[in-house]
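Engineer: Have a look at this one before I ask anything.
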Amino acid sequence: MNTGNLTLDPMIPLPYVVTRTAQETRDTFTLELKPGNGVQLLHFNPGQFNMLYLFGTGEVPISISGNPASSDLLIHTTREVGAVTQTMRKLKRGDSLGIRGPYGRPWPVEEAVGDDVVIIAGGIGLAPLRPALYHLLSHREKYGKVVLLYGTRSPDDILYRRELEKWRSRLDLEVSVTVDRAFGNWQGNVGVVTTLIPRAPFEATNTTAMVCGPEIMMRYVAMELQKRGVSTDKIYVSMERNMKCGVGFCGHCQYGPRFICKDGPVFRYSEVKELLSKREI
Ligand SMILES: Cc1cc2nc3c(=O)[nH]c(=O)nc-3n(C[C@H](O)[C@H](O)[C@H](O)COP(=O)(O)OP(=O)(O)OC[C@H]3O[C@@H](n4cnc5c(N)ncnc54)[C@H](O)[C@@H]3O)c2cc1C
Ligand code: FES
């Protein structure tokens, strides 16, 4: 609902202006955006996404990666993979793009109150999880232990490096990073992110897990969490499929009996477990 904005039609993008760009890694960049004239920035919940429309190129779903408590900026971190994301990477300060949203079911930050929370990200999967972490840290007293486990292909693929270092220095947050392949002066963990789970400091029977990364990674992470005793009802994953409308009209993002744009992208693992174990859905 775009109350206070130029339009109430969920299918019409609203104009936004790029205020800052940052190259995070070789193939991943962040855009900071502010609403154009007459547009009001809408509140979002951690885990929701927007449809970003690049004039003359196309429209893609991208998760919001900024702080849900920030009322003046919209932040998206994107990996360059094809036509639209390549065009997006070329945007400069002052350029415009169209945005509609926010859409989708968010991370269960309210349901997790009182629990230990473990956030497990693979690669670009840290971007959709960052708003959840911001939320947990700004309501820190409501949660038990908060643990972030992050895995990337190599040290050069680590996102938000400075922020990770800042988070790591906090006494009320446990951060572990691992890389599949080490090189240079990397002195940290080497191995896939699942190897961090057995020794991560959370009480399995009282834990909510939020997981985002490639599907195969999410499947193995969920298996490892279950081995530790975390219930499949308390493991949440964020799913991706090609989208067109983003609001449950077109059927493009159908995933078994569900639509990822409307019923997800965040699902309880128990809801998607059977589908995730099949290769082509
Ligand atoms: C709910 C949701 C949230 C998303 N959030 C983010 C986000 O925060 N940041 C982000 O970078 N991406 C995100 N994505 C993925 C993003 O939408 C796609 O990468 C984008 O649509 C690709 O568009 P394109 O035109 O650049 O590439 P296309 O021309 O569509 O694809 C180019 C090539 O890349 C492959 N490809 C497409 N999508 C992906 C993908 N997700 N992973 C790997 N290969 C892919 C295609 O198979 C093809 O081979 C999200 C997707 C969904 C559904
Ligand atoms: S993208 Fe149209 S139904 Fe989900």
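Within each chain, counting starts at residue 1; across the structure tokens, chains are named A, B, ... in the order shown, with ligands numbered 1 upward in that order.
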Go through stretch 41-193 of chain A and collect every residue that DSSP, computed from the backbone, puts in alpha helix (DSSP H); the answer should be as number ranges by chain.
Structural biologist: A: 83-89, 126-138, 161-168
Engineer: Per residue of chain A within 8 Å of ligand 2, record the nearest atom pair and its distance in Å to one decimal, counting only C-alpha atoms and all ligand atoms, with rows in chain order and ascending residue number, as JSON lines.
Structural biologist:
{"residue": "A:Asn242", "atom": "CA", "partner": "ligand 2", "partner_atom_place_in_ligand_line": "1 (S)", "distance": 7.1}
{"residue": "A:Met243", "atom": "CA", "partner": "ligand 2", "partner_atom_place_in_ligand_line": "1 (S)", "distance": 3.8}
{"residue": "A:Lys244", "atom": "CA", "partner": "ligand 2", "partner_atom_place_in_ligand_line": "1 (S)", "distance": 4.3}
{"residue": "A:Cys245", "atom": "CA", "partner": "ligand 2", "partner_atom_place_in_ligand_line": "2 (Fe)", "distance": 4.0}
{"residue": "A:Gly246", "atom": "CA", "partner": "ligand 2", "partner_atom_place_in_ligand_line": "1 (S)", "distance": 3.9}
{"residue": "A:Val247", "atom": "CA", "partner": "ligand 2", "partner_atom_place_in_ligand_line": "4 (Fe)", "distance": 5.6}
{"residue": "A:Gly248", "atom": "CA", "partner": "ligand 2", "partner_atom_place_in_ligand_line": "3 (S)", "distance": 3.4}
{"residue": "A:Phe249", "atom": "CA", "partner": "ligand 2", "partner_atom_place_in_ligand_line": "3 (S)", "distance": 4.6}
{"residue": "A:Cys250", "atom": "CA", "partner": "ligand 2", "partner_atom_place_in_ligand_line": "2 (Fe)", "distance": 3.8}
{"residue": "A:Gly251", "atom": "CA", "partner": "ligand 2", "partner_atom_place_in_ligand_line": "3 (S)", "distance": 3.8}
{"residue": "A:His252", "atom": "CA", "partner": "ligand 2", "partner_atom_place_in_ligand_line": "2 (Fe)", "distance": 4.9}
{"residue": "A:Cys253", "atom": "CA", "partner": "ligand 2", "partner_atom_place_in_ligand_line": "4 (Fe)", "distance": 4.3}
{"residue": "A:Gln254", "atom": "CA", "partner": "ligand 2", "partner_atom_place_in_ligand_line": "4 (Fe)", "distance": 6.4}
{"residue": "A:Phe259", "atom": "CA", "partner": "ligand 2", "partner_atom_place_in_ligand_line": "4 (Fe)", "distance": 5.3}
{"residue": "A:Ile260", "atom": "CA", "partner": "ligand 2", "partner_atom_place_in_ligand_line": "4 (Fe)", "distance": 5.8}
{"residue": "A:Cys261", "atom": "CA", "partner": "ligand 2", "partner_atom_place_in_ligand_line": "4 (Fe)", "distance": 4.4}
{"residue": "A:Lys262", "atom": "CA", "partner": "ligand 2", "partner_atom_place_in_ligand_line": "4 (Fe)", "distance": 6.4}
Engineer: Go through A:Thr87, A:Ser277, A:Ser138, A:Gln187 one by one, measure the shortest atom-to-atom distance of each to ligand 1 using only C-alpha atoms and all ligand atoms, and give the residue with the smallest value.
Structural biologist: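 Using only C-alpha atoms and all ligand atoms, ligand 1 sits closest to A:Thr87.
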Engineer: Show me which residues are within 6 Å of ligand 1 counting only C-alpha atoms and all ligand atoms, and format the list as a list in words.
Structural biologist: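 Listing the residues within 6 Å of ligand 1 gives Phe49, Val60, Pro61, Ile62, Ser63, Thr77, Thr78, Arg79, Val81, Gly82, Ala83, Val84, Thr85, Gln86, Ala127, Pro128, Glu240, Arg241, Asn242 and Pro265 of chain A.
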Engineer: Let me make sure I understand: among A:Leu91, A:Val146, A:Ile216, A:Ala22, which one has the smallest atom-to-atom distance to A:Glu174 if we use only C-alpha atoms?
Structural biologist: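 With only C-alpha atoms as the atom set, the closest residue is A:Val146.
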Engineer: Please list as a list of chain:residue names every residue within 6 Å of A:Val147, counting only C-alpha atoms and excluding residues in the same chain fewer than 3 positions away.
Structural biologist: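 Surrounding residues, per the criterion: A:Val118, A:Leu173, A:Glu174, A:Val175.
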Engineer: Emit the selected residues as a PDB file, in the first residue's frame, including N, CA and C atoms.
Structural biologist:
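Saved the output as result24.pdb:
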ATOM      1  N   VAL A 118      20.413 -17.782  15.354  1.00  0.00           N
ATOM      2  CA  VAL A 118      21.597 -18.004  14.541  1.00  0.00           C
ATOM      3  C   VAL A 118      21.277 -17.623  13.098  1.00  0.00           C
ATOM      4  N   LEU A 173      27.616 -10.451  20.493  1.00  0.00           N
ATOM      5  CA  LEU A 173      27.353 -11.062  19.179  1.00  0.00           C
ATOM      6  C   LEU A 173      28.546 -11.949  18.828  1.00  0.00           C
ATOM      7  N   GLU A 174      28.236 -13.171  18.389  1.00  0.00           N
ATOM      8  CA  GLU A 174      29.303 -14.104  18.013  1.00  0.00           C
ATOM      9  C   GLU A 174      29.359 -14.142  16.478  1.00  0.00           C
ATOM     10  N   VAL A 175      30.500 -13.807  15.907  1.00  0.00           N
ATOM     11  CA  VAL A 175      30.617 -13.790  14.443  1.00  0.00           C
ATOM     12  C   VAL A 175      31.704 -14.762  14.010  1.00  0.00           C
TER      13      VAL A 175
END
Engineer: To one decimal place in Å, what is the distance between atom CA of A:Asn185 and atom CA of A:Pro155?
Structural biologist: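 Interatomic distance here is 9.2 Å.
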Engineer: Could you pull the residues within 7 Å of stretch 30-37 of chain A, counting only C-alpha atoms, minus those fewer than 4 positions along the same chain, as a list in words?
Structural biologist: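 Skipping anything fewer than 4 positions along the chain leaves Pro15, Tyr16, Val17, Val18, Thr19, Arg20, Thr21, Ala22, Gln23, Glu24, Leu41, Asp72, Leu73, Leu74, Ile75, His76, Thr77 and Thr78 of chain A.
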Engineer: Keeping only C-alpha atoms, write those residues as a tab-separated table (two decimals), in the first residue's frame.
Structural biologist:
chain	number	residue	atom	x	y	z
A	15	PRO	CA	10.98	7.01	-9.12
A	16	TYR	CA	14.08	6.75	-6.91
A	17	VAL	CA	17.42	8.53	-7.25
A	18	VAL	CA	20.88	7.01	-6.63
A	19	THR	CA	22.66	8.91	-3.84
A	20	ARG	CA	25.72	6.64	-3.47
A	21	THR	CA	27.23	3.57	-5.10
A	22	ALA	CA	29.80	1.20	-3.59
A	23	GLN	CA	31.63	-1.71	-5.20
A	24	GLU	CA	31.58	-4.35	-2.43
A	41	LEU	CA	10.00	5.99	1.53
A	72	ASP	CA	15.57	8.21	4.75
A	73	LEU	CA	17.54	5.72	2.63
A	74	LEU	CA	16.80	2.55	0.72
A	75	ILE	CA	19.74	0.16	0.29
A	76	HIS	CA	20.15	-2.73	-2.15
A	77	THR	CA	23.20	-4.96	-2.59
A	78	THR	CA	23.28	-6.77	-5.92
Engineer: Measuring atom to atom with only C-alpha atoms, identify which of A:Leu52, A:Met218, A:Val272, A:Val179 is nearest to A:Pro257.
Structural biologist: A:Val272
Engineer: Find the residue from A:Pro131, A:Gly256, A:Gly191, A:Pro198 that sits nearest to A:Asn45; use only C-alpha atoms when measuring.
Structural biologist: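 Using only C-alpha atoms, the shortest distance to A:Asn45 belongs to A:Pro131.
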Engineer: Pick from A:Pro46, A:Pro214, A:Gly188, A:Gly98: nearest to A:Ser154, with only C-alpha atoms counted?
Structural biologist: A:Gly188
Engineer: One decimal, Å: what's the distance from atom CA of A:Tyr150 over to atom CA of A:Leu275, could you say?
Structural biologist: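 Taking atom CA of A:Tyr150 as the start and atom CA of A:Leu275 as the end point, the length is 24.5 Å.
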Engineer: Which residues are close to A:Met217, i.e. within 9 Å by only C-alpha atoms, leaving aside same-chain residues fewer than 5 positions away? Reply as a ChimeraX atom specification.
Structural biologist: /A:122,192-194,212,222
Engineer: Next, write the just-selected residues to a file, as an mmCIF file, in the first residue's frame, keeping all heavy atoms as the atom set.
Structural biologist:
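Output file part-v7.cif follows:
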data_model
loop_
_atom_site.group_PDB
_atom_site.id
_atom_site.type_symbol
_atom_site.label_atom_id
_atom_site.label_comp_id
_atom_site.auth_asym_id
_atom_site.auth_seq_id
_atom_site.Cartn_x
_atom_site.Cartn_y
_atom_site.Cartn_z
ATOM 1 N N GLY A 122 25.369 -17.494 3.080
ATOM 2 C CA GLY A 122 26.364 -17.909 2.087
ATOM 3 C C GLY A 122 26.440 -16.843 1.014
ATOM 4 O O GLY A 122 25.418 -16.488 0.429
ATOM 5 N N VAL A 192 33.480 -25.112 4.249
ATOM 6 C CA VAL A 192 32.122 -24.618 3.980
ATOM 7 C C VAL A 192 31.450 -24.185 5.293
ATOM 8 O O VAL A 192 31.873 -24.591 6.384
ATOM 9 C CB VAL A 192 31.272 -25.686 3.244
ATOM 10 C CG1 VAL A 192 31.774 -25.882 1.824
ATOM 11 C CG2 VAL A 192 31.263 -26.993 4.008
ATOM 12 N N VAL A 193 30.402 -23.374 5.156
ATOM 13 C CA VAL A 193 29.811 -22.740 6.340
ATOM 14 C C VAL A 193 29.219 -23.769 7.317
ATOM 15 O O VAL A 193 29.179 -23.534 8.527
ATOM 16 C CB VAL A 193 28.772 -21.671 5.902
ATOM 17 C CG1 VAL A 193 27.492 -22.292 5.376
ATOM 18 C CG2 VAL A 193 28.478 -20.677 7.008
ATOM 19 N N THR A 194 28.818 -24.928 6.796
ATOM 20 C CA THR A 194 28.248 -25.963 7.682
ATOM 21 C C THR A 194 29.258 -26.419 8.745
ATOM 22 O O THR A 194 28.853 -26.847 9.823
ATOM 23 C CB THR A 194 27.809 -27.205 6.873
ATOM 24 O OG1 THR A 194 28.828 -27.486 5.922
ATOM 25 C CG2 THR A 194 26.495 -27.003 6.171
ATOM 26 N N CYS A 212 20.262 -18.017 4.488
ATOM 27 C CA CYS A 212 20.116 -17.572 3.099
ATOM 28 C C CYS A 212 21.414 -17.810 2.331
ATOM 29 O O CYS A 212 22.502 -17.437 2.787
ATOM 30 C CB CYS A 212 19.745 -16.092 3.061
ATOM 31 S SG CYS A 212 19.318 -15.541 1.400
ATOM 32 N N ALA A 222 20.499 -26.792 6.885
ATOM 33 C CA ALA A 222 19.317 -27.261 7.624
ATOM 34 C C ALA A 222 19.565 -28.657 8.202
ATOM 35 O O ALA A 222 19.176 -28.942 9.351
ATOM 36 C CB ALA A 222 18.101 -27.258 6.710
#
Engineer: Let's see if you can do this: from backbone DSSP, list all strand (DSSP E) residues in stretch 3-251 of chain A, as a PyMOL selection string.
Structural biologist: chain A and resi 14-25+28-35+49-54+58-63+74-79+96-103+116-122+146-152+174-179+189-190+207-212+235-238
Engineer: Find the residue from A:Gln40, A:Thr205, A:Ser70, A:Thr28 that sits nearest to A:Ile158; use only C-alpha atoms when measuring.
Structural biologist: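 Distance minimum relative to A:Ile158 lands on A:Thr28.
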Engineer: Could you make a table, as a tab-separated table, of the residues of stretch 150-245 of chain A that have an atom within 8 Å of an atom of stretch 104-115 of chain A, each with its nearest atom pair and distance in Å to one decimal, counting only C-alpha atoms, in chain and number order?
Structural biologist:
residue	atom	partner	partner_atom	distance
A:Asn206	CA	A:Asp115	CA	5.4
A:Thr207	CA	A:Asp115	CA	5.3
A:Thr208	CA	A:Ala112	CA	5.9
A:Met210	CA	A:Trp107	CA	7.1
A:Tyr236	CA	A:Trp107	CA	7.5
Engineer: Could you tell me how far atom CA of A:Leu97 sits from atom CA of A:Tyr53, in Å to one decimal place?
Structural biologist: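 Separation of atom CA of A:Tyr53 and atom CA of A:Leu97: 5.9 Å.
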Engineer: Report as a count of residues only all protein, DNA and RNA residues lying within 9 Å of A:Leu126, evaluated on only C-alpha atoms, omitting residues in the same chain fewer than 2 positions from it.
Structural biologist: 15
